[in-house]
Number of protein chains: 2
Amino acid sequence: MAAFPADRVEQAAWICNARGQTLTPLRRRVFEIVLAADRPIGAYDVLDMLAAERGRVAPPTVYRSLDFLVGQGLVHKVLSVNGFVACSAAARPHDAQLFICGSCGSSVEVARQLRAGLIEEEAEALDFAIESVVLEVHGRCHACRLATAP
Amino acid sequence: MAAFPADRVEQAAWICNARGQTLTPLRRRVFEIVLAADRPIGAYDVLDMLAAERGRVAPPTVYRSLDFLVGQGLVHKVLSVNGFVACSAAARPHDAQLFICGSCGSSVEVARQLRAGLIEEEAEALDFAIESVVLEVHGRCHACRLATAP
DNA sequence: GGCTGAATGTTATGTTATGTCATTCCTCCG
DNA sequence: CGGAGGAATGACATAACATAACATTCAGCC
Ligand SMILES: [Zn+2]
Ligand SMILES: [Zn+2]
Ligand SMILES: [Zn+2]
Ligand SMILES: [Zn+2]
């Protein structure tokens with residue numbers, strides 16, 4: 001198998017291939033659109049961009065591709081804004097940890113594990129089997145703080 | 001002012017009063033419905049129950065009451081299931097920390113702070129001003145694990 | 001060629017949430 | 001008393017987000 005590529009879209013294709021999956025032209029294009037947005041983007045925004053390129057596009061077309069990309073860990077769904085954002089480290093799937101600015105809409109994904117074992121401890125105490133953890137931090141980003149502070 | 005009451009609905013009324021707000025009959029009824037559900041409940045489920053009692057009810061009626069209750073910290077919005085759940089410790093507002101079972105839909109709110117300072121550290125490094133943190137843990141609860149394990 | 005399975009197209013509908021203006025009701029003040 | 005002002009609710013319409021179900025296309029394989 002070829003070496004891990006530098007371009008993020010090629011990385012995505014590589015990751016899919018390594019799993020016996022296919023990054024089809026449609027999925028690739030959707031991934032490119034999400035990637036280019038560089039912030040969480042709505043499914044219907046993706047739809048509009050696709051429609052501008054290829055005429056009428058129905059919602060399932062977009063949601064199926066997004067679901068595939070989310071399933072492969074290439075894209076994260078951002079619950080607090082009903083959006084999707086490209087993963088910054090998709091090589092191995094993980095729960096996203098996002099800092100989301102309420103002013104400009106930008107988001108930053110943090111790779112370093114932000115939780116100590118407290119959640120796992122609590123799960124143990126509850127006899128709760130963790131499957132996934134949603135962690136989304138809201139606030140104001142550096143740029144927006146500069147913009148209003150004197 | 002009267003002492004802090006034992007009943008959760010009366011507590012809610014007390015909390016509102018203490019802030020110069022009013023738990024009107026409608027808001028009180030919505031709170032009772034959310035409280036009785038003992039798990040996240042959808043806005044339109046609340047709507048249906050209200051409608052059964054008082055005839056036609058429009059969505060804004062429900063959403064306004066839910067928004068009020070969320071604003072007062074009496075109810076938490078659960079993003080991962082598009083639902084609302086009564087807060088188990090509303091006396092002072094806080095970000096919810098929820099363990100949500102994907103099998104039975106139940107949720108447990110944990111009061112003890114589940115995060116060490118790692119999120120705050122990271123925010124500091126990013127110069128990000130935190131306003132709120134969404135933490136929702138998904139998995140299988142104790143009861144559901146018992147139900148399928150031999 | 002004909003079967004099969006994956007992907008996409010197509011139509012319709014379900015689910016969640018908000019914008020806007022009208023109405024009610026209470027309180028304050030002259 | 002009577003009207004101004006504000007909070008809450010009612011009522012209507014629509015926006016925004018997401019999925020169900022079935023048809024079609026196409027490549028790989030025997
Ligand atoms: Zn990621
Ligand atoms: Zn910002
Ligand atoms: Zn709470
Ligand atoms: Zn359960």
# chains A, B, ... in the order shown; residues from 1 in each chain; ligands from 1

$ closest_atom_pairs --of "chain C" --to "chain B" --cutoff "9 Å" --atoms "only C-alpha atoms (C1' of nucleotides)" --output "tab-separated table"
residue	atom	partner	partner_atom	distance
C:DT15	C1'	B:Tyr44	CA	8.9
C:DT16	C1'	B:Asn82	CA	7.8
C:DA17	C1'	B:Tyr63	CA	8.1
C:DT18	C1'	B:Pro60	CA	7.9

$ select_by_dssp --residues "chain A" --states "helix (DSSP H, G or I)" --output "MDAnalysis selection string"
chainID A and resid 8:18 25:37 43:54 59:71 79:81 118:126 142:148

$ closest_atom_pairs --of "chain D" --to "chain A" --cutoff "12 Å" --atoms "only C-alpha atoms (C1' of nucleotides)" --output "CSV"
residue,atom,partner,partner_atom,distance
D:DA16,C1',A:Tyr44,CA,8.7
D:DC17,C1',A:Asn82,CA,7.8
D:DA18,C1',A:Tyr63,CA,8.1
D:DT19,C1',A:Pro60,CA,7.9
D:DA20,C1',A:Pro60,CA,10.2
D:DA21,C1',A:Pro60,CA,11.8

$ residues_near_ligand --ligand "ligand 3" --cutoff "6 Å" --atoms "only C-alpha atoms (C1' of nucleotides) and all ligand atoms" --output "JSON, numbers by chain"
{"B": [87, 88, 89, 90, 96]}

$ residues_near_ligand --ligand "ligand 2" --cutoff "9 Å" --atoms "only C-alpha atoms (C1' of nucleotides) and all ligand atoms" --output "PDB file with N, CA, C and O atoms, in the first residue's frame"
ATOM      1  N   ILE A 100     -15.603  25.967  20.404  1.00  0.00           N
ATOM      2  CA  ILE A 100     -16.423  26.611  19.383  1.00  0.00           C
ATOM      3  C   ILE A 100     -16.696  28.057  19.768  1.00  0.00           C
ATOM      4  O   ILE A 100     -17.207  28.328  20.858  1.00  0.00           O
ATOM      5  N   CYS A 101     -16.372  28.978  18.870  1.00  0.00           N
ATOM      6  CA  CYS A 101     -16.595  30.400  19.165  1.00  0.00           C
ATOM      7  C   CYS A 101     -18.011  30.808  18.790  1.00  0.00           C
ATOM      8  O   CYS A 101     -18.448  30.613  17.653  1.00  0.00           O
ATOM      9  N   GLY A 102     -18.713  31.391  19.741  1.00  0.00           N
ATOM     10  CA  GLY A 102     -20.085  31.807  19.499  1.00  0.00           C
ATOM     11  C   GLY A 102     -20.177  33.089  18.687  1.00  0.00           C
ATOM     12  O   GLY A 102     -21.238  33.414  18.161  1.00  0.00           O
ATOM     13  N   SER A 103     -19.064  33.798  18.554  1.00  0.00           N
ATOM     14  CA  SER A 103     -19.093  35.043  17.793  1.00  0.00           C
ATOM     15  C   SER A 103     -18.831  34.821  16.317  1.00  0.00           C
ATOM     16  O   SER A 103     -19.569  35.305  15.468  1.00  0.00           O
ATOM     17  N   CYS A 104     -17.769  34.091  16.002  1.00  0.00           N
ATOM     18  CA  CYS A 104     -17.394  33.943  14.597  1.00  0.00           C
ATOM     19  C   CYS A 104     -17.719  32.561  14.057  1.00  0.00           C
ATOM     20  O   CYS A 104     -17.619  32.326  12.853  1.00  0.00           O
ATOM     21  N   GLY A 105     -18.096  31.644  14.932  1.00  0.00           N
ATOM     22  CA  GLY A 105     -18.486  30.322  14.450  1.00  0.00           C
ATOM     23  C   GLY A 105     -17.333  29.378  14.216  1.00  0.00           C
ATOM     24  O   GLY A 105     -17.546  28.227  13.840  1.00  0.00           O
ATOM     25  N   SER A 106     -16.121  29.840  14.417  1.00  0.00           N
ATOM     26  CA  SER A 106     -14.985  28.956  14.181  1.00  0.00           C
ATOM     27  C   SER A 106     -14.913  27.877  15.243  1.00  0.00           C
ATOM     28  O   SER A 106     -15.467  28.007  16.327  1.00  0.00           O
ATOM     29  N   SER A 107     -14.228  26.803  14.929  1.00  0.00           N
ATOM     30  CA  SER A 107     -14.025  25.763  15.918  1.00  0.00           C
ATOM     31  C   SER A 107     -12.608  25.238  15.826  1.00  0.00           C
ATOM     32  O   SER A 107     -11.995  25.270  14.765  1.00  0.00           O
ATOM     33  N   GLY A 139     -17.617  29.452  23.764  1.00  0.00           N
ATOM     34  CA  GLY A 139     -17.088  30.689  24.299  1.00  0.00           C
ATOM     35  C   GLY A 139     -16.651  31.617  23.182  1.00  0.00           C
ATOM     36  O   GLY A 139     -17.236  31.590  22.098  1.00  0.00           O
ATOM     37  N   ARG A 140     -15.634  32.413  23.487  1.00  0.00           N
ATOM     38  CA  ARG A 140     -15.130  33.363  22.487  1.00  0.00           C
ATOM     39  C   ARG A 140     -13.668  33.055  22.196  1.00  0.00           C
ATOM     40  O   ARG A 140     -12.866  32.916  23.121  1.00  0.00           O
ATOM     41  N   CYS A 141     -13.360  33.027  20.919  1.00  0.00           N
ATOM     42  CA  CYS A 141     -12.001  32.675  20.508  1.00  0.00           C
ATOM     43  C   CYS A 141     -11.060  33.874  20.652  1.00  0.00           C
ATOM     44  O   CYS A 141     -11.493  35.004  20.872  1.00  0.00           O
ATOM     45  N   HIS A 142      -9.809  33.595  20.509  1.00  0.00           N
ATOM     46  CA  HIS A 142      -8.765  34.620  20.617  1.00  0.00           C
ATOM     47  C   HIS A 142      -9.042  35.818  19.710  1.00  0.00           C
ATOM     48  O   HIS A 142      -9.064  36.963  20.157  1.00  0.00           O
ATOM     49  N   ALA A 143      -9.274  35.549  18.443  1.00  0.00           N
ATOM     50  CA  ALA A 143      -9.480  36.633  17.472  1.00  0.00           C
ATOM     51  C   ALA A 143     -10.660  37.511  17.869  1.00  0.00           C
ATOM     52  O   ALA A 143     -10.587  38.738  17.813  1.00  0.00           O
ATOM     53  N   CYS A 144     -11.757  36.891  18.297  1.00  0.00           N
ATOM     54  CA  CYS A 144     -12.938  37.668  18.654  1.00  0.00           C
ATOM     55  C   CYS A 144     -12.725  38.453  19.943  1.00  0.00           C
ATOM     56  O   CYS A 144     -13.287  39.532  20.124  1.00  0.00           O
ATOM     57  N   ARG A 145     -11.917  37.933  20.836  1.00  0.00           N
ATOM     58  CA  ARG A 145     -11.616  38.678  22.061  1.00  0.00           C
ATOM     59  C   ARG A 145     -10.800  39.916  21.721  1.00  0.00           C
ATOM     60  O   ARG A 145     -11.044  40.998  22.253  1.00  0.00           O
ATOM     61  N   ALA A 147     -10.926  41.494  18.976  1.00  0.00           N
ATOM     62  CA  ALA A 147     -11.746  42.403  18.182  1.00  0.00           C
ATOM     63  C   ALA A 147     -12.563  43.351  19.039  1.00  0.00           C
ATOM     64  O   ALA A 147     -12.826  44.485  18.638  1.00  0.00           O
TER      65      ALA A 147
ATOM     66  N   PHE B 128      -8.972  31.308  24.851  1.00  0.00           N
ATOM     67  CA  PHE B 128     -10.388  31.098  24.564  1.00  0.00           C
ATOM     68  C   PHE B 128     -11.168  31.321  25.853  1.00  0.00           C
ATOM     69  O   PHE B 128     -10.847  30.730  26.891  1.00  0.00           O
TER      70      PHE B 128
END

$ residues_near_ligand --ligand "ligand 1" --cutoff "12 Å" --atoms "only C-alpha atoms (C1' of nucleotides) and all ligand atoms" --output "ChimeraX atom specification"
/A:69-78,84-98,107-113,134-135

$ residues_around --residues "DA4 of chain D" --least-positions-apart "6" --cutoff "12 Å" --atoms "only C-alpha atoms (C1' of nucleotides)" --output "PyMOL selection string"
chain C and resi 27-30

$ write_last_selection --atoms "all heavy atoms" --output "mmCIF file, in the first residue's frame"
data_model
loop_
_atom_site.group_PDB
_atom_site.id
_atom_site.type_symbol
_atom_site.label_atom_id
_atom_site.label_comp_id
_atom_site.auth_asym_id
_atom_site.auth_seq_id
_atom_site.Cartn_x
_atom_site.Cartn_y
_atom_site.Cartn_z
ATOM 1 P P DT C 27 -51.115 42.803 39.718
ATOM 2 O OP1 DT C 27 -50.896 41.875 40.817
ATOM 3 O OP2 DT C 27 -52.358 43.617 39.668
ATOM 4 O "O5'" DT C 27 -49.900 43.809 39.607
ATOM 5 C "C5'" DT C 27 -48.944 43.709 38.539
ATOM 6 C "C4'" DT C 27 -48.328 45.078 38.317
ATOM 7 O "O4'" DT C 27 -48.929 45.708 37.134
ATOM 8 C "C3'" DT C 27 -48.544 46.063 39.466
ATOM 9 O "O3'" DT C 27 -47.360 46.832 39.612
ATOM 10 C "C2'" DT C 27 -49.705 46.911 38.978
ATOM 11 C "C1'" DT C 27 -49.397 46.988 37.489
ATOM 12 N N1 DT C 27 -50.530 47.292 36.586
ATOM 13 C C2 DT C 27 -50.309 48.115 35.508
ATOM 14 O O2 DT C 27 -49.237 48.615 35.257
ATOM 15 N N3 DT C 27 -51.417 48.338 34.716
ATOM 16 C C4 DT C 27 -52.689 47.829 34.907
ATOM 17 O O4 DT C 27 -53.604 48.098 34.136
ATOM 18 C C5 DT C 27 -52.857 46.979 36.065
ATOM 19 C C7 DT C 27 -54.194 46.381 36.374
ATOM 20 C C6 DT C 27 -51.787 46.754 36.847
ATOM 21 P P DC C 28 -47.149 47.716 40.941
ATOM 22 O OP1 DC C 28 -46.115 47.042 41.744
ATOM 23 O OP2 DC C 28 -48.458 48.038 41.562
ATOM 24 O "O5'" DC C 28 -46.546 49.050 40.337
ATOM 25 C "C5'" DC C 28 -45.960 49.024 39.016
ATOM 26 C "C4'" DC C 28 -46.251 50.344 38.329
ATOM 27 O "O4'" DC C 28 -47.511 50.296 37.643
ATOM 28 C "C3'" DC C 28 -46.309 51.556 39.269
ATOM 29 O "O3'" DC C 28 -45.426 52.544 38.787
ATOM 30 C "C2'" DC C 28 -47.776 51.983 39.224
ATOM 31 C "C1'" DC C 28 -48.199 51.508 37.835
ATOM 32 N N1 DC C 28 -49.644 51.239 37.660
ATOM 33 C C2 DC C 28 -50.323 51.723 36.522
ATOM 34 O O2 DC C 28 -49.691 52.383 35.690
ATOM 35 N N3 DC C 28 -51.640 51.461 36.365
ATOM 36 C C4 DC C 28 -52.290 50.739 37.289
ATOM 37 N N4 DC C 28 -53.598 50.498 37.091
ATOM 38 C C5 DC C 28 -51.630 50.228 38.453
ATOM 39 C C6 DC C 28 -50.321 50.501 38.605
ATOM 40 P P DC C 29 -44.961 53.693 39.822
ATOM 41 O OP1 DC C 29 -43.520 53.906 39.571
ATOM 42 O OP2 DC C 29 -45.455 53.399 41.188
ATOM 43 O "O5'" DC C 29 -45.745 54.961 39.267
ATOM 44 C "C5'" DC C 29 -45.700 55.222 37.860
ATOM 45 C "C4'" DC C 29 -46.880 56.079 37.473
ATOM 46 O "O4'" DC C 29 -48.099 55.307 37.430
ATOM 47 C "C3'" DC C 29 -47.156 57.254 38.433
ATOM 48 O "O3'" DC C 29 -47.118 58.445 37.694
ATOM 49 C "C2'" DC C 29 -48.556 56.955 38.971
ATOM 50 C "C1'" DC C 29 -49.155 56.161 37.819
ATOM 51 N N1 DC C 29 -50.328 55.330 38.176
ATOM 52 C C2 DC C 29 -51.452 55.344 37.326
ATOM 53 O O2 DC C 29 -51.433 56.034 36.315
ATOM 54 N N3 DC C 29 -52.541 54.596 37.661
ATOM 55 C C4 DC C 29 -52.505 53.851 38.779
ATOM 56 N N4 DC C 29 -53.590 53.115 39.061
ATOM 57 C C5 DC C 29 -51.374 53.819 39.644
ATOM 58 C C6 DC C 29 -50.317 54.568 39.306
ATOM 59 P P DG C 30 -46.997 59.844 38.498
ATOM 60 O OP1 DG C 30 -45.681 60.388 38.133
ATOM 61 O OP2 DG C 30 -47.362 59.646 39.919
ATOM 62 O "O5'" DG C 30 -48.112 60.738 37.813
ATOM 63 C "C5'" DG C 30 -48.257 60.759 36.397
ATOM 64 C "C4'" DG C 30 -49.694 61.076 36.050
ATOM 65 O "O4'" DG C 30 -50.540 59.965 36.453
ATOM 66 C "C3'" DG C 30 -50.238 62.323 36.773
ATOM 67 O "O3'" DG C 30 -50.950 63.120 35.862
ATOM 68 C "C2'" DG C 30 -51.162 61.747 37.842
ATOM 69 C "C1'" DG C 30 -51.651 60.470 37.171
ATOM 70 N N9 DG C 30 -52.088 59.437 38.123
ATOM 71 C C8 DG C 30 -51.404 58.975 39.221
ATOM 72 N N7 DG C 30 -52.052 58.049 39.875
ATOM 73 C C5 DG C 30 -53.231 57.888 39.161
ATOM 74 C C6 DG C 30 -54.319 57.023 39.403
ATOM 75 O O6 DG C 30 -54.475 56.196 40.299
ATOM 76 N N1 DG C 30 -55.309 57.195 38.427
ATOM 77 C C2 DG C 30 -55.254 58.076 37.388
ATOM 78 N N2 DG C 30 -56.292 58.098 36.575
ATOM 79 N N3 DG C 30 -54.229 58.886 37.160
ATOM 80 C C4 DG C 30 -53.259 58.737 38.082
#

$ atom_distance --atom1 "atom CA of Asp7 of chain A" --atom2 "atom CA of Val46 of chain A"
21.0 Å

$ residues_around --residues "DA7 of chain C" --least-positions-apart "5" --cutoff "9 Å" --atoms "only C-alpha atoms (C1' of nucleotides)" --output "list in words"
Thr24 of chain A; DT25 and DC26 of chain D

$ write_last_selection --atoms "N, CA, C and O atoms (P, O5', C5', C4', C3', O3' and C1' of nucleotides)" --output "CSV table (one decimal), in the first residue's frame"
chain,number,residue,atom,x,y,z
A,24,THR,N,-15.8,7.7,-2.8
A,24,THR,CA,-16.3,7.9,-4.2
A,24,THR,C,-16.2,9.4,-4.5
A,24,THR,O,-16.0,10.3,-3.7
D,25,DT,P,-31.4,4.1,-15.1
D,25,DT,O5',-29.9,4.0,-14.5
D,25,DT,C5',-29.4,5.1,-13.8
D,25,DT,C4',-28.0,4.7,-13.2
D,25,DT,C3',-27.1,4.0,-14.2
D,25,DT,O3',-25.9,4.7,-14.2
D,25,DT,C1',-27.2,2.9,-12.2
D,26,DC,P,-24.8,4.5,-15.5
D,26,DC,O5',-23.7,3.7,-14.8
D,26,DC,C5',-23.3,4.0,-13.4
D,26,DC,C4',-22.5,2.8,-12.8
D,26,DC,C3',-21.8,2.0,-13.9
D,26,DC,O3',-20.5,1.7,-13.4
D,26,DC,C1',-23.0,0.6,-12.5

$ interface_residues --of "chain B" --to "chain A" --cutoff "8 Å" --atoms "only C-alpha atoms" --output "PyMOL selection string"
chain B and resi 79-80+99+114-116+118-119+122+126-142

$ select_by_dssp --residues "chain A" --states "strand (DSSP E)" --output "PyMOL selection string"
chain A and resi 75-78+83-86+97-101+107-109+129-140

$ residues_around --residues "Ala13 of chain B" --least-positions-apart "3" --cutoff "9 Å" --atoms "only C-alpha atoms (C1' of nucleotides)" --output "list in words"
Arg8, Val9, Glu10, Cys16, Asn17, Ala18, Gln21, Thr22, Leu23, Thr24 and Arg28 of chain B

$ atom_distance --atom1 "atom CA of Asp45 of chain B" --atom2 "atom CA of Ile41 of chain A"
28.9 Å

$ residues_around --residues "DA13 of chain D" --least-positions-apart "2" --cutoff "10 Å" --atoms "only C-alpha atoms (C1' of nucleotides)" --output "VMD selection string"
(chain C and resid 19 to 20) or (chain D and resid 11 15)

$ residues_around --residues "DC3 of chain C" --least-positions-apart "4" --cutoff "12 Å" --atoms "only C-alpha atoms (C1' of nucleotides)" --output "VMD selection string"
chain D and resid 28 to 30

$ write_last_selection --atoms "C-alpha atoms (C1' of nucleotides)" --output "PDB file, in the first residue's frame"
ATOM      1  C1'  DG D  28     -17.363  -6.929 -10.566  1.00  0.00           C
ATOM      2  C1'  DC D  29     -17.993 -11.615 -10.976  1.00  0.00           C
ATOM      3  C1'  DC D  30     -19.554 -16.330 -12.402  1.00  0.00           C
TER       4       DC D  30
END

$ atom_distance --atom1 "atom CA of Phe31 of chain A" --atom2 "atom C1' of DA6 of chain C"
19.2 Å
